[in-house]
file query-v3.csv (CSV, C-alpha atoms and all ligand atoms)
chain,number,residue,atom,x,y,z
A,764,MET,CA,-8.8,-3.0,19.4
A,765,ILE,CA,-7.4,-6.1,21.1
A,766,SER,CA,-3.9,-7.0,19.8
A,767,TYR,CA,-2.2,-10.4,20.3
A,768,LEU,CA,1.5,-10.0,19.7
A,769,GLY,CA,4.2,-12.5,19.2
A,770,ASN,CA,5.0,-15.9,17.6
A,771,ASN,CA,2.2,-18.4,17.8
A,772,SER,CA,-0.4,-15.8,18.6
A,773,TYR,CA,-2.3,-17.1,15.5
A,774,GLN,CA,-3.7,-19.7,17.9
A,775,LYS,CA,-5.8,-16.9,19.4
A,776,ILE,CA,-7.9,-16.9,16.3
A,777,SER,CA,-9.9,-20.0,17.3
A,778,GLU,CA,-10.2,-18.8,20.9
A,779,ILE,CA,-11.7,-15.5,19.7
A,780,ILE,CA,-14.1,-17.3,17.4
A,781,GLN,CA,-15.3,-19.5,20.2
A,782,GLU,CA,-15.4,-16.7,22.8
A,783,TYR,CA,-17.5,-14.4,20.6
A,784,HIS,CA,-19.5,-17.3,19.1
A,785,TYR,CA,-18.7,-16.3,15.5
A,786,LYS,CA,-20.2,-18.8,13.1
A,787,LYS,CA,-19.6,-17.4,9.6
A,788,VAL,CA,-16.2,-16.0,8.6
A,789,LEU,CA,-15.4,-14.1,5.4
A,790,LEU,CA,-11.7,-14.6,4.9
A,791,ILE,CA,-9.9,-12.0,2.7
A,792,THR,CA,-6.5,-13.1,1.5
A,793,ASN,CA,-4.2,-12.5,-1.4
A,794,LYS,CA,-4.2,-14.9,-4.4
A,795,THR,CA,-1.1,-17.0,-4.3
A,796,SER,CA,1.3,-16.5,-1.3
A,797,PHE,CA,-1.5,-17.3,1.2
A,798,PHE,CA,-1.3,-20.9,0.0
A,799,LYS,CA,2.3,-21.0,-1.2
A,800,SER,CA,3.8,-19.7,2.0
A,801,GLY,CA,2.0,-22.1,4.2
A,802,ILE,CA,-0.1,-19.4,6.0
A,803,ALA,CA,-3.3,-21.2,4.8
A,804,ASN,CA,-2.3,-24.2,7.0
A,805,TYR,CA,-2.1,-22.0,10.1
A,806,VAL,CA,-5.3,-20.1,9.4
A,807,PHE,CA,-7.5,-23.0,8.2
A,808,GLN,CA,-6.9,-25.0,11.4
A,809,THR,CA,-8.3,-22.2,13.5
A,810,LEU,CA,-11.5,-22.1,11.5
A,811,ILE,CA,-12.7,-25.7,11.9
A,812,SER,CA,-15.5,-24.6,14.2
A,813,CYS,CA,-17.2,-22.3,11.7
A,814,GLN,CA,-18.3,-21.9,8.2
A,815,TYR,CA,-16.1,-19.7,6.0
A,816,VAL,CA,-15.9,-18.3,2.5
A,817,GLN,CA,-12.6,-17.0,1.0
A,818,PHE,CA,-12.4,-13.9,-1.2
A,819,ASN,CA,-9.2,-13.2,-3.1
A,820,GLN,CA,-10.3,-11.8,-6.4
A,821,PHE,CA,-8.7,-8.4,-6.2
A,822,SER,CA,-5.5,-6.7,-7.5
A,823,VAL,CA,-2.3,-5.8,-5.6
A,824,ASN,CA,-3.7,-2.3,-5.7
A,825,PRO,CA,-7.4,-3.0,-5.0
A,826,LYS,CA,-10.0,-1.2,-7.1
A,827,PHE,CA,-13.5,0.1,-6.4
A,828,GLU,CA,-15.1,-2.5,-8.6
A,829,GLU,CA,-13.4,-5.3,-6.6
A,830,VAL,CA,-14.9,-3.9,-3.4
A,831,LEU,CA,-18.3,-4.2,-5.1
A,832,GLU,CA,-17.6,-7.9,-5.9
A,833,GLY,CA,-16.6,-8.4,-2.3
A,834,LEU,CA,-19.7,-6.7,-1.0
A,835,LYS,CA,-21.9,-9.1,-3.1
A,836,ILE,CA,-20.3,-12.0,-1.2
A,837,VAL,CA,-20.9,-10.1,2.1
A,838,GLN,CA,-24.6,-9.8,1.2
A,839,ASP,CA,-25.0,-13.4,0.0
A,840,PHE,CA,-23.0,-15.1,2.7
A,841,ASN,CA,-23.9,-12.7,5.6
A,842,PRO,CA,-20.7,-13.3,7.7
A,843,ASP,CA,-20.5,-12.3,11.3
A,844,LEU,CA,-16.7,-11.8,11.2
A,845,ILE,CA,-14.3,-10.5,8.5
A,846,ILE,CA,-10.7,-11.7,8.7
A,847,GLY,CA,-8.1,-10.0,6.5
A,848,VAL,CA,-4.9,-11.9,6.2
A,849,GLY,CA,-2.0,-10.6,4.1
A,850,GLY,CA,-0.1,-7.5,3.2
A,851,GLY,CA,-1.6,-4.0,2.9
A,852,SER,CA,-3.9,-5.0,0.0
A,853,ALA,CA,-5.8,-7.8,1.7
A,854,MET,CA,-6.1,-5.9,5.0
A,855,ASP,CA,-7.3,-2.8,3.2
A,856,MET,CA,-9.9,-4.8,1.2
A,857,ALA,CA,-11.1,-6.3,4.5
A,858,LYS,CA,-11.4,-2.8,6.0
A,859,PHE,CA,-13.5,-1.6,3.0
A,860,LEU,CA,-15.8,-4.7,3.2
A,861,MET,CA,-16.4,-4.3,7.0
A,862,TYR,CA,-17.0,-0.5,6.6
A,863,PHE,CA,-19.4,-0.8,3.6
A,864,ALA,CA,-21.0,-4.1,4.7
A,865,GLY,CA,-24.4,-2.5,5.2
A,866,ALA,CA,-24.2,0.0,2.3
A,867,LYS,CA,-27.2,-0.3,-0.1
A,868,ASN,CA,-26.8,0.4,-3.8
A,869,LEU,CA,-23.2,1.7,-3.5
A,870,THR,CA,-22.2,3.7,-6.6
A,871,LYS,CA,-18.9,5.2,-7.4
A,872,GLU,CA,-20.3,8.6,-6.5
A,873,SER,CA,-21.7,7.6,-3.1
A,874,PHE,CA,-18.4,5.7,-2.4
A,875,LEU,CA,-16.2,8.7,-3.2
A,876,LYS,CA,-18.6,10.9,-1.1
A,877,GLU,CA,-18.2,8.6,1.9
A,878,LEU,CA,-14.4,8.6,1.5
A,879,ALA,CA,-14.3,12.4,1.4
A,880,ASN,CA,-16.4,12.6,4.5
A,881,PRO,CA,-16.7,9.3,6.3
A,882,ILE,CA,-19.6,9.7,8.6
A,883,LYS,CA,-21.7,6.6,9.0
A,884,GLN,CA,-22.7,3.4,7.6
A,885,ASP,CA,-25.6,1.4,9.0
A,886,GLN,CA,-23.8,-1.7,9.8
A,887,TYR,CA,-20.2,-2.6,10.6
A,888,LEU,CA,-18.9,-6.1,10.8
A,889,PRO,CA,-16.3,-7.2,13.4
A,890,LEU,CA,-12.9,-7.2,11.8
A,891,MET,CA,-9.7,-9.2,12.5
A,892,LEU,CA,-6.5,-8.3,10.8
A,893,ILE,CA,-3.5,-10.6,10.4
A,894,PRO,CA,-0.4,-9.1,8.7
A,895,THR,CA,1.9,-11.4,6.7
A,896,THR,CA,4.5,-8.9,5.4
A,897,SER,CA,5.7,-6.9,8.4
A,898,GLY,CA,5.6,-3.6,6.6
A,899,SER,CA,2.5,-1.4,6.1
A,900,GLY,CA,1.3,-1.6,9.7
A,901,SER,CA,-2.2,-1.5,8.3
A,902,GLU,CA,-3.3,-3.8,11.1
A,903,ALA,CA,-2.8,-0.9,13.5
A,904,THR,CA,-4.1,2.1,11.3
A,905,ARG,CA,-7.2,3.9,10.5
A,906,PHE,CA,-6.4,4.1,6.8
A,907,ALA,CA,-7.2,2.0,3.8
A,908,VAL,CA,-6.2,2.7,0.2
A,909,ILE,CA,-8.3,2.0,-2.9
A,910,TYR,CA,-8.0,2.9,-6.6
A,911,VAL,CA,-11.0,4.5,-8.2
A,912,ASP,CA,-10.5,5.0,-12.0
A,913,GLY,CA,-6.8,4.6,-11.6
A,914,ILE,CA,-6.6,7.3,-8.9
A,915,LYS,CA,-5.4,6.5,-5.4
A,916,GLN,CA,-8.0,7.3,-2.8
A,917,SER,CA,-8.1,6.6,0.9
A,918,LEU,CA,-10.6,6.0,3.7
A,919,ASP,CA,-9.5,7.5,6.9
A,920,THR,CA,-11.7,6.8,10.0
A,921,ILE,CA,-11.2,5.1,13.4
A,922,ARG,CA,-14.2,2.9,12.4
A,923,ILE,CA,-11.8,0.7,10.3
A,924,LEU,CA,-9.4,0.0,13.1
A,925,PRO,CA,-9.8,-3.7,13.6
A,926,ASP,CA,-11.5,-5.3,16.6
A,927,PHE,CA,-8.8,-7.9,16.8
A,928,CYS,CA,-5.2,-7.9,15.5
A,929,ILE,CA,-2.9,-10.9,15.4
A,930,VAL,CA,0.8,-10.0,14.9
A,931,ASP,CA,2.7,-13.2,14.5
A,932,GLY,CA,6.2,-13.7,13.0
A,933,LEU,CA,5.2,-17.2,11.7
A,934,MET,CA,2.9,-15.5,9.1
A,935,ALA,CA,6.0,-14.0,7.5
A,936,GLU,CA,8.2,-17.1,7.8
A,937,LYS,CA,8.4,-17.7,4.0
A,938,LEU,CA,8.3,-14.1,2.9
A,939,PRO,CA,10.8,-13.7,0.0
A,940,LYS,CA,14.0,-11.8,0.6
A,941,ASP,CA,13.2,-8.8,-1.6
A,942,VAL,CA,9.7,-8.3,-0.1
A,943,THR,CA,11.2,-8.7,3.4
A,944,ALA,CA,13.7,-6.0,2.6
A,945,TYR,CA,11.3,-3.4,1.2
A,946,THR,CA,8.5,-3.9,3.6
A,947,ALA,CA,11.1,-3.6,6.5
A,948,VAL,CA,12.3,-0.3,5.0
A,949,ASP,CA,8.7,0.9,4.7
A,950,ALA,CA,8.2,0.1,8.4
A,951,LEU,CA,11.5,1.8,9.5
A,952,SER,CA,10.7,4.9,7.4
A,953,GLN,CA,7.1,5.1,8.7
A,954,ALA,CA,8.5,5.1,12.3
A,955,ILE,CA,11.2,7.8,11.6
A,956,GLU,CA,8.6,10.0,9.7
A,957,SER,CA,6.1,9.6,12.5
A,958,TYR,CA,8.7,10.6,15.1
A,959,TRP,CA,9.6,13.9,13.4
A,960,ALA,CA,6.0,14.6,12.1
A,961,VAL,CA,4.5,18.0,13.0
A,962,SER,CA,1.5,16.0,14.5
A,963,ALA,CA,3.8,13.8,16.7
A,964,THR,CA,2.6,13.3,20.3
A,965,THR,CA,4.4,11.8,23.3
A,966,GLU,CA,2.4,8.6,22.7
A,967,SER,CA,3.2,8.4,19.0
A,968,LYS,CA,6.9,9.1,19.7
A,969,ASP,CA,7.0,6.2,22.1
A,970,TYR,CA,5.5,3.9,19.5
A,971,ALA,CA,7.9,5.2,16.9
A,972,LEU,CA,11.0,4.6,19.1
A,973,MET,CA,9.8,1.1,20.0
A,974,ALA,CA,9.4,0.4,16.3
A,975,ILE,CA,12.8,1.8,15.3
A,976,LYS,CA,14.5,-0.2,18.1
A,977,LEU,CA,12.8,-3.5,17.1
A,978,ILE,CA,13.4,-2.9,13.4
A,979,LEU,CA,17.1,-2.0,13.7
A,980,ASN,CA,17.7,-5.1,15.8
A,981,SER,CA,16.3,-7.3,13.1
A,982,ILE,CA,16.4,-5.7,9.7
A,983,ILE,CA,19.7,-7.1,8.5
A,984,PRO,CA,19.4,-10.7,9.9
A,985,VAL,CA,15.7,-10.9,8.8
A,986,VAL,CA,16.7,-10.3,5.2
A,987,LYS,CA,20.0,-12.2,5.2
A,988,ASN,CA,19.4,-15.1,7.6
A,989,PRO,CA,15.8,-15.0,8.7
A,990,THR,CA,14.8,-16.9,11.9
A,991,LEU,CA,11.5,-16.9,13.6
A,992,PHE,CA,12.9,-14.7,16.3
A,993,TYR,CA,13.8,-12.0,13.8
A,994,ARG,CA,10.5,-12.4,12.0
A,995,GLU,CA,8.8,-11.8,15.3
A,996,GLN,CA,10.9,-8.7,16.0
A,997,MET,CA,10.1,-7.3,12.5
A,998,ALA,CA,6.4,-8.1,12.8
A,999,LEU,CA,6.3,-6.2,16.1
A,1000,GLY,CA,8.3,-3.3,14.7
A,1001,ALA,CA,6.0,-2.9,11.8
A,1002,TYR,CA,3.0,-3.1,14.2
A,1003,TYR,CA,4.4,-0.3,16.4
A,1004,ALA,CA,5.3,1.8,13.3
A,1005,GLY,CA,1.7,1.4,12.3
A,1006,ALA,CA,0.5,2.5,15.7
A,1007,ALA,CA,2.7,5.5,15.4
A,1008,ILE,CA,1.5,6.7,12.0
A,1009,ASN,CA,-2.1,5.9,13.0
A,1010,ILE,CA,-1.7,9.0,15.3
A,1011,THR,CA,0.6,11.2,13.1
A,1012,ARG,CA,0.3,10.0,9.5
A,1013,THR,CA,3.4,10.2,7.3
A,1014,THR,CA,5.5,13.1,6.1
A,1015,ALA,CA,7.7,14.3,3.1
A,1016,PRO,CA,9.4,11.0,2.2
A,1017,HIS,CA,6.1,9.2,1.8
A,1018,ALA,CA,4.6,12.2,0.0
A,1019,PHE,CA,7.4,12.2,-2.7
A,1020,SER,CA,7.6,8.4,-2.9
A,1021,TYR,CA,4.2,7.9,-4.7
A,1022,TYR,CA,5.5,9.3,-7.9
A,1023,LEU,CA,8.4,6.8,-8.0
A,1024,THR,CA,5.9,3.9,-7.5
A,1025,THR,CA,3.3,5.1,-10.0
A,1026,LYS,CA,5.7,6.1,-12.7
A,1027,TYR,CA,8.7,3.7,-12.3
A,1028,HIS,CA,6.9,0.9,-10.5
A,1029,ILE,CA,9.4,1.0,-7.6
A,1030,PRO,CA,8.1,-1.0,-4.6
A,1031,HIS,CA,6.6,1.3,-2.0
A,1032,GLY,CA,9.2,0.6,0.7
A,1033,GLN,CA,12.1,1.0,-1.6
A,1034,ALA,CA,10.7,4.3,-3.0
A,1035,VAL,CA,10.3,5.7,0.5
A,1036,GLY,CA,13.8,4.5,1.4
A,1037,LEU,CA,15.2,6.4,-1.6
A,1038,VAL,CA,13.7,9.7,-0.6
A,1039,LEU,CA,14.0,9.6,3.2
A,1040,PRO,CA,17.8,10.3,3.5
A,1041,TYR,CA,17.3,13.7,1.8
A,1042,PHE,CA,15.1,14.8,4.7
A,1043,ILE,CA,17.2,13.8,7.6
A,1044,GLU,CA,19.3,16.9,7.7
A,1045,PRO,CA,16.6,19.6,7.0
A,1046,ASN,CA,14.3,18.0,9.6
A,1047,SER,CA,17.1,17.7,12.2
A,1048,LYS,CA,17.3,21.5,12.2
A,1049,VAL,CA,13.8,21.8,13.4
A,1050,ARG,CA,13.3,18.6,15.4
A,1051,ASP,CA,15.5,17.0,18.1
A,1052,LEU,CA,16.4,13.6,16.7
A,1053,SER,CA,18.8,12.6,19.4
A,1054,GLU,CA,16.7,9.7,20.5
A,1055,ILE,CA,16.9,8.3,16.9
A,1056,TYR,CA,20.7,9.0,16.8
A,1057,LYS,CA,21.0,6.9,20.0
A,1058,LEU,CA,19.2,3.9,18.5
A,1059,PHE,CA,21.3,4.1,15.3
A,1060,GLY,CA,24.5,4.5,17.4
A,1061,VAL,CA,25.3,7.9,15.8
A,1062,THR,CA,25.6,11.4,17.1
A,1063,ASN,CA,24.4,13.7,14.3
A,1064,ALA,CA,22.1,14.1,11.3
A,1065,LEU,CA,24.9,13.4,8.7
A,1066,GLU,CA,25.9,10.3,10.5
A,1067,LEU,CA,22.3,9.2,10.7
A,1068,LYS,CA,21.9,9.7,6.9
A,1069,THR,CA,25.0,7.6,6.3
A,1070,ALA,CA,23.9,4.9,8.7
A,1071,PHE,CA,20.4,4.7,7.1
A,1072,ILE,CA,21.9,4.4,3.6
A,1073,LYS,CA,24.4,1.8,4.8
A,1074,THR,CA,21.5,-0.3,6.2
A,1075,LEU,CA,19.7,-0.1,2.8
A,1076,ASP,CA,22.9,-1.0,1.1
A,1077,GLU,CA,23.5,-4.1,3.3
A,1078,ILE,CA,20.1,-5.5,2.5
A,1079,GLY,CA,20.5,-4.9,-1.2
A,1080,MET,CA,18.1,-2.0,-1.4
A,1081,TYR,CA,20.1,1.1,-2.0
A,1082,GLN,CA,19.6,3.0,-5.3
A,1083,LYS,CA,20.3,6.6,-6.1
A,1084,LEU,CA,17.4,8.8,-6.9
A,1085,SER,CA,19.5,10.2,-9.7
A,1086,ASP,CA,19.7,6.7,-11.3
A,1087,ILE,CA,15.9,6.6,-11.5
A,1088,LEU,CA,14.7,10.1,-12.3
A,1089,LYS,CA,15.5,10.8,-15.9
A,1090,ASP,CA,14.9,14.5,-16.7
A,1091,ASP,CA,11.7,14.6,-14.7
A,1092,LEU,CA,12.9,16.1,-11.4
A,1093,VAL,CA,10.4,18.9,-11.9
A,1094,ASP,CA,7.5,16.5,-12.4
A,1095,PHE,CA,8.7,14.5,-9.4
A,1096,ILE,CA,8.6,17.6,-7.2
A,1097,HIS,CA,5.2,18.8,-8.5
A,1098,ALA,CA,3.5,15.5,-8.1
A,1099,VAL,CA,4.0,15.7,-4.3
A,1100,ASN,CA,1.0,15.0,-2.0
A,1101,ILE,CA,0.6,18.4,-0.3
A,1102,ASP,CA,-1.3,17.1,2.7
A,1103,ARG,CA,1.5,14.8,3.7
A,1104,LEU,CA,4.0,17.6,3.0
A,1105,ASN,CA,2.3,19.9,5.5
A,1106,ASN,CA,3.0,17.3,8.2
A,1107,ASN,CA,6.8,17.6,7.5
A,1108,PRO,CA,8.6,19.7,10.1
A,1109,ALA,CA,11.1,21.5,7.8
A,1110,LYS,CA,9.1,23.9,5.6
A,1111,MET,CA,10.4,24.0,2.1
A,1112,ASN,CA,9.4,25.5,-1.2
A,1113,PHE,CA,9.8,24.3,-4.8
A,1114,GLU,CA,13.3,25.9,-5.1
A,1115,ASP,CA,14.4,24.3,-1.9
A,1116,PHE,CA,13.3,20.9,-3.1
A,1117,GLN,CA,15.0,21.4,-6.4
A,1118,SER,CA,18.3,22.0,-4.7
A,1119,LEU,CA,17.7,19.3,-2.1
A,1120,PHE,CA,17.2,16.6,-4.7
A,1121,SER,CA,20.0,17.9,-7.0
A,1122,LEU,CA,22.5,17.3,-4.3
A,1123,SER,CA,24.4,14.2,-4.9
A,1124,SER,CA,24.1,11.7,-2.1
A,1201,ZN,ZN,4.5,3.3,3.8

call {"tool": "encode", "arguments": {"input": "query-v3.csv", "output": "structure tokens"}}
result
Amino acid sequence: MISYLGNNSYQKISEIIQEYHYKKVLLITNKTSFFKSGIANYVFQTLISCQYVQFNQFSVNPKFEEVLEGLKIVQDFNPDLIIGVGGGSAMDMAKFLMYFAGAKNLTKESFLKELANPIKQDQYLPLMLIPTTSGSGSEATRFAVIYVDGIKQSLDTIRILPDFCIVDGLMAEKLPKDVTAYTAVDALSQAIESYWAVSATTESKDYALMAIKLILNSIIPVVKNPTLFYREQMALGAYYAGAAINITRTTAPHAFSYYLTTKYHIPHGQAVGLVLPYFIEPNSKVRDLSEIYKLFGVTNALELKTAFIKTLDEIGMYQKLSDILKDDLVDFIHAVNIDRLNNNPAKMNFEDFQSLFSLSS
């Protein structure tokens, strides 16, 4: 993976296309903000030397059937490069299309089989990812999410790490305030979770700390008074958070957050931000979080929890879990993704969670 980081790195797109002699580009984007936010102007000017086809006919939570539609275009157009420009959805769609580019007669069954055990496809296409939301970090991860019959499934293989990645604050220049806030909280939470994850390594911790530092320097100004400098800091922060979870995956806050998004349609970043504060104290008992305290300018877990909530509050994101969950605390706890939970350092059972989430905070 070759990454180009920093404002104006989008100009590398045309250099890459020329250097590798790409002639036919399949461009995967979201439907409206690609044009509305001016990203199209940047991207199209880099594609003048080649033919391209744009694919944007997929949902915010892409579905299997939409992957099949995209694959038809891959087969008809026969691109030599796939570029995914957007938030998690567009980048994930691009990952699926590059991975399954050579798949013949793909059915729901063979697709699910491949997700369960990603071994090989005959042909992969070169992939370039260009994030526009500074949140998911999908540009630096081996994961892609898809909905099959309404159920969230994921592809997890190093094959879908992009060949090229362009992380440019200009791409997020016009990102609305609310999206800027919740994608920033997602990135910050991913970095914190990666740091304390059971699977953390020295390398992943370095990425996580770099991410936390960049995000904390920019999260409030990038929401309240965005400049290209802060957009760049956030884009880099999200990228390093992605690089960190690419190694470790996420932990309990992500595991519990999916219920809030599925049932109450709370944006992913906000849902994670709601849950994370509960895990700071329990995880601090089994993990040394002093490096994180230092970055937040605090000295203990309780102060970190307060500082995290204060940050959410300042960018208009704080809500209490008790304001959202009606009388479904038990459902909320039972819906947890066990795999992610196993990666959480503090080991807790159902009763522990019940008392953890019953505490007012
Ligand atoms: Zn996330």

call {"tool": "residues_near_ligand", "arguments": {"input": "query-v3.csv", "ligand": "ligand ZN 1201 (chain A)", "cutoff": "9 Å", "atoms": "all atoms listed in the file", "output": "PDB file with C-alpha atoms, in the frame of the given file"}}
result
ATOM      1  CA  GLY A 898       5.600  -3.600   6.600  1.00  0.00           C
ATOM      2  CA  SER A 899       2.500  -1.400   6.100  1.00  0.00           C
ATOM      3  CA  GLY A 900       1.300  -1.600   9.700  1.00  0.00           C
ATOM      4  CA  THR A 946       8.500  -3.900   3.600  1.00  0.00           C
ATOM      5  CA  VAL A 948      12.300  -0.300   5.000  1.00  0.00           C
ATOM      6  CA  ASP A 949       8.700   0.900   4.700  1.00  0.00           C
ATOM      7  CA  ALA A 950       8.200   0.100   8.400  1.00  0.00           C
ATOM      8  CA  SER A 952      10.700   4.900   7.400  1.00  0.00           C
ATOM      9  CA  GLN A 953       7.100   5.100   8.700  1.00  0.00           C
ATOM     10  CA  THR A1013       3.400  10.200   7.300  1.00  0.00           C
ATOM     11  CA  HIS A1017       6.100   9.200   1.800  1.00  0.00           C
ATOM     12  CA  SER A1020       7.600   8.400  -2.900  1.00  0.00           C
ATOM     13  CA  HIS A1031       6.600   1.300  -2.000  1.00  0.00           C
ATOM     14  CA  GLY A1032       9.200   0.600   0.700  1.00  0.00           C
ATOM     15  CA  VAL A1035      10.300   5.700   0.500  1.00  0.00           C
TER      16      VAL A1035
END

call {"tool": "atom_distance", "arguments": {"input": "query-v3.csv", "atom1": "atom CA of A:Lys826", "atom2": "atom CA of A:Pro881"}}
result
18.3 Å

call {"tool": "closest_atom_pairs", "arguments": {"input": "query-v3.csv", "of": "stretch 890-972 of chain A", "to": "stretch 1107-1110 of chain A", "cutoff": "12 Å", "atoms": "all atoms listed in the file", "output": "tab-separated table"}}
result
residue	atom	partner	partner_atom	distance
A:Ile955	CA	A:Asn1107	CA	11.5
A:Glu956	CA	A:Asn1107	CA	8.1
A:Ser957	CA	A:Asn1107	CA	9.5
A:Tyr958	CA	A:Pro1108	CA	10.4
A:Trp959	CA	A:Pro1108	CA	6.7
A:Ala960	CA	A:Asn1107	CA	5.5
A:Val961	CA	A:Pro1108	CA	5.3
A:Ser962	CA	A:Asn1107	CA	8.9
A:Ala963	CA	A:Pro1108	CA	10.1

call {"tool": "closest_residue", "arguments": {"input": "query-v3.csv", "among": "A:Tyr1041, A:Tyr785, A:Phe1116, A:Tyr1021", "to": "A:Leu1084", "atoms": "only C-alpha atoms"}}
result
A:Tyr1041

call {"tool": "residues_around", "arguments": {"input": "query-v3.csv", "residues": "A:Ile791", "least_positions_apart": "4", "cutoff": "8 Å", "atoms": "only C-alpha atoms", "output": "number ranges by chain"}}
result
A: 817-819, 845-848, 853-854, 856-857

call {"tool": "closest_atom_pairs", "arguments": {"input": "query-v3.csv", "of": "stretch 852-955 of chain A", "to": "stretch 1064-1082 of chain A", "cutoff": "9 Å", "atoms": "all atoms listed in the file", "output": "tab-separated table"}}
result
residue	atom	partner	partner_atom	distance
A:Lys940	CA	A:Ile1078	CA	9.0
A:Asp941	CA	A:Gly1079	CA	8.3
A:Ala944	CA	A:Ile1078	CA	6.4
A:Tyr945	CA	A:Met1080	CA	7.4
A:Val948	CA	A:Leu1075	CA	7.7

call {"tool": "closest_residue", "arguments": {"input": "query-v3.csv", "among": "A:Cys813, A:Met891, A:Leu951, A:Ala935", "to": "A:Ile923", "atoms": "only C-alpha atoms"}}
result
A:Met891

call {"tool": "residues_near_point", "arguments": {"input": "query-v3.csv", "point": "(1.2, 11.6, 18.6)", "cutoff": "10 Å", "atoms": "all atoms listed in the file", "output": "ChimeraX atom specification"}}
result
/A:957-958,960-971,1006-1012

call {"tool": "closest_residue", "arguments": {"input": "query-v3.csv", "among": "A:Thr1024, A:Ser852, A:Ser873, A:Thr920", "to": "A:Leu1088", "atoms": "only C-alpha atoms"}}
result
A:Thr1024

call {"tool": "closest_residue", "arguments": {"input": "query-v3.csv", "among": "A:Val908, A:Met764, A:Leu831, A:Leu789", "to": "A:Leu888", "atoms": "all atoms listed in the file"}}
result
A:Leu789

call {"tool": "atom_distance", "arguments": {"input": "query-v3.csv", "atom1": "atom CA of A:Glu995", "atom2": "atom CA of A:Val930"}}
result
8.2 Å

call {"tool": "closest_residue", "arguments": {"input": "query-v3.csv", "among": "A:Val806, A:Ile780, A:Ala864, A:Val1061", "to": "A:Gly849", "atoms": "all atoms listed in the file"}}
result
A:Val806

call {"tool": "residues_near_point", "arguments": {"input": "query-v3.csv", "point": "(-2.9, -3.8, -3.5)", "cutoff": "8 Å", "atoms": "all atoms listed in the file", "output": "list in words"}}
result
Phe821, Ser822, Val823, Asn824, Pro825, Gly851, Ser852, Ala853 and Ile909 of chain A

call {"tool": "write_last_selection", "arguments": {"input": "query-v3.csv", "atoms": "C-alpha atoms", "output": "mmCIF file, in the coordinates of the input"}}
result
data_model
loop_
_atom_site.group_PDB
_atom_site.id
_atom_site.type_symbol
_atom_site.label_atom_id
_atom_site.label_comp_id
_atom_site.auth_asym_id
_atom_site.auth_seq_id
_atom_site.Cartn_x
_atom_site.Cartn_y
_atom_site.Cartn_z
ATOM 1 C CA PHE A 821 -8.700 -8.400 -6.200
ATOM 2 C CA SER A 822 -5.500 -6.700 -7.500
ATOM 3 C CA VAL A 823 -2.300 -5.800 -5.600
ATOM 4 C CA ASN A 824 -3.700 -2.300 -5.700
ATOM 5 C CA PRO A 825 -7.400 -3.000 -5.000
ATOM 6 C CA GLY A 851 -1.600 -4.000 2.900
ATOM 7 C CA SER A 852 -3.900 -5.000 0.000
ATOM 8 C CA ALA A 853 -5.800 -7.800 1.700
ATOM 9 C CA ILE A 909 -8.300 2.000 -2.900
#

call {"tool": "atom_distance", "arguments": {"input": "query-v3.csv", "atom1": "atom CA of A:Glu778", "atom2": "atom CA of A:Gly1005"}}
result
25.0 Å

call {"tool": "closest_residue", "arguments": {"input": "query-v3.csv", "among": "A:Tyr1002, A:Asn868, A:Leu979, A:Ser1085", "to": "A:Asp931", "atoms": "only C-alpha atoms"}}
result
A:Tyr1002

call {"tool": "decode", "arguments": {"input": "query-v3.csv", "residues": "stretch 795-804 of chain A", "atoms": "N, CA and C atoms", "output": "short mmCIF file (atom, residue, chain, number, x, y, z; two decimals), in the first residue's frame"}}
result
data_model
loop_
_atom_site.label_atom_id
_atom_site.label_comp_id
_atom_site.auth_asym_id
_atom_site.auth_seq_id
_atom_site.Cartn_x
_atom_site.Cartn_y
_atom_site.Cartn_z
N THR A 795 -24.78 11.89 -3.97
CA THR A 795 -24.95 13.34 -4.08
C THR A 795 -23.75 14.17 -3.61
N SER A 796 -23.18 13.84 -2.45
CA SER A 796 -22.18 14.76 -1.91
C SER A 796 -20.92 14.82 -2.77
N PHE A 797 -20.69 13.79 -3.58
CA PHE A 797 -19.54 13.80 -4.48
C PHE A 797 -19.59 15.03 -5.40
N PHE A 798 -20.79 15.33 -5.88
CA PHE A 798 -20.95 16.51 -6.74
C PHE A 798 -21.16 17.77 -5.91
N LYS A 799 -22.04 17.67 -4.92
CA LYS A 799 -22.42 18.86 -4.14
C LYS A 799 -21.23 19.49 -3.41
N SER A 800 -20.33 18.63 -2.93
CA SER A 800 -19.25 19.16 -2.09
C SER A 800 -18.03 19.58 -2.89
N GLY A 801 -18.10 19.46 -4.22
CA GLY A 801 -16.99 19.92 -5.05
C GLY A 801 -15.87 18.90 -5.22
N ILE A 802 -16.03 17.71 -4.64
CA ILE A 802 -14.98 16.69 -4.76
C ILE A 802 -14.83 16.27 -6.22
N ALA A 803 -15.97 16.23 -6.92
CA ALA A 803 -15.98 15.84 -8.33
C ALA A 803 -14.98 16.69 -9.12
N ASN A 804 -14.96 17.99 -8.84
CA ASN A 804 -14.05 18.88 -9.60
C ASN A 804 -12.59 18.46 -9.43
#
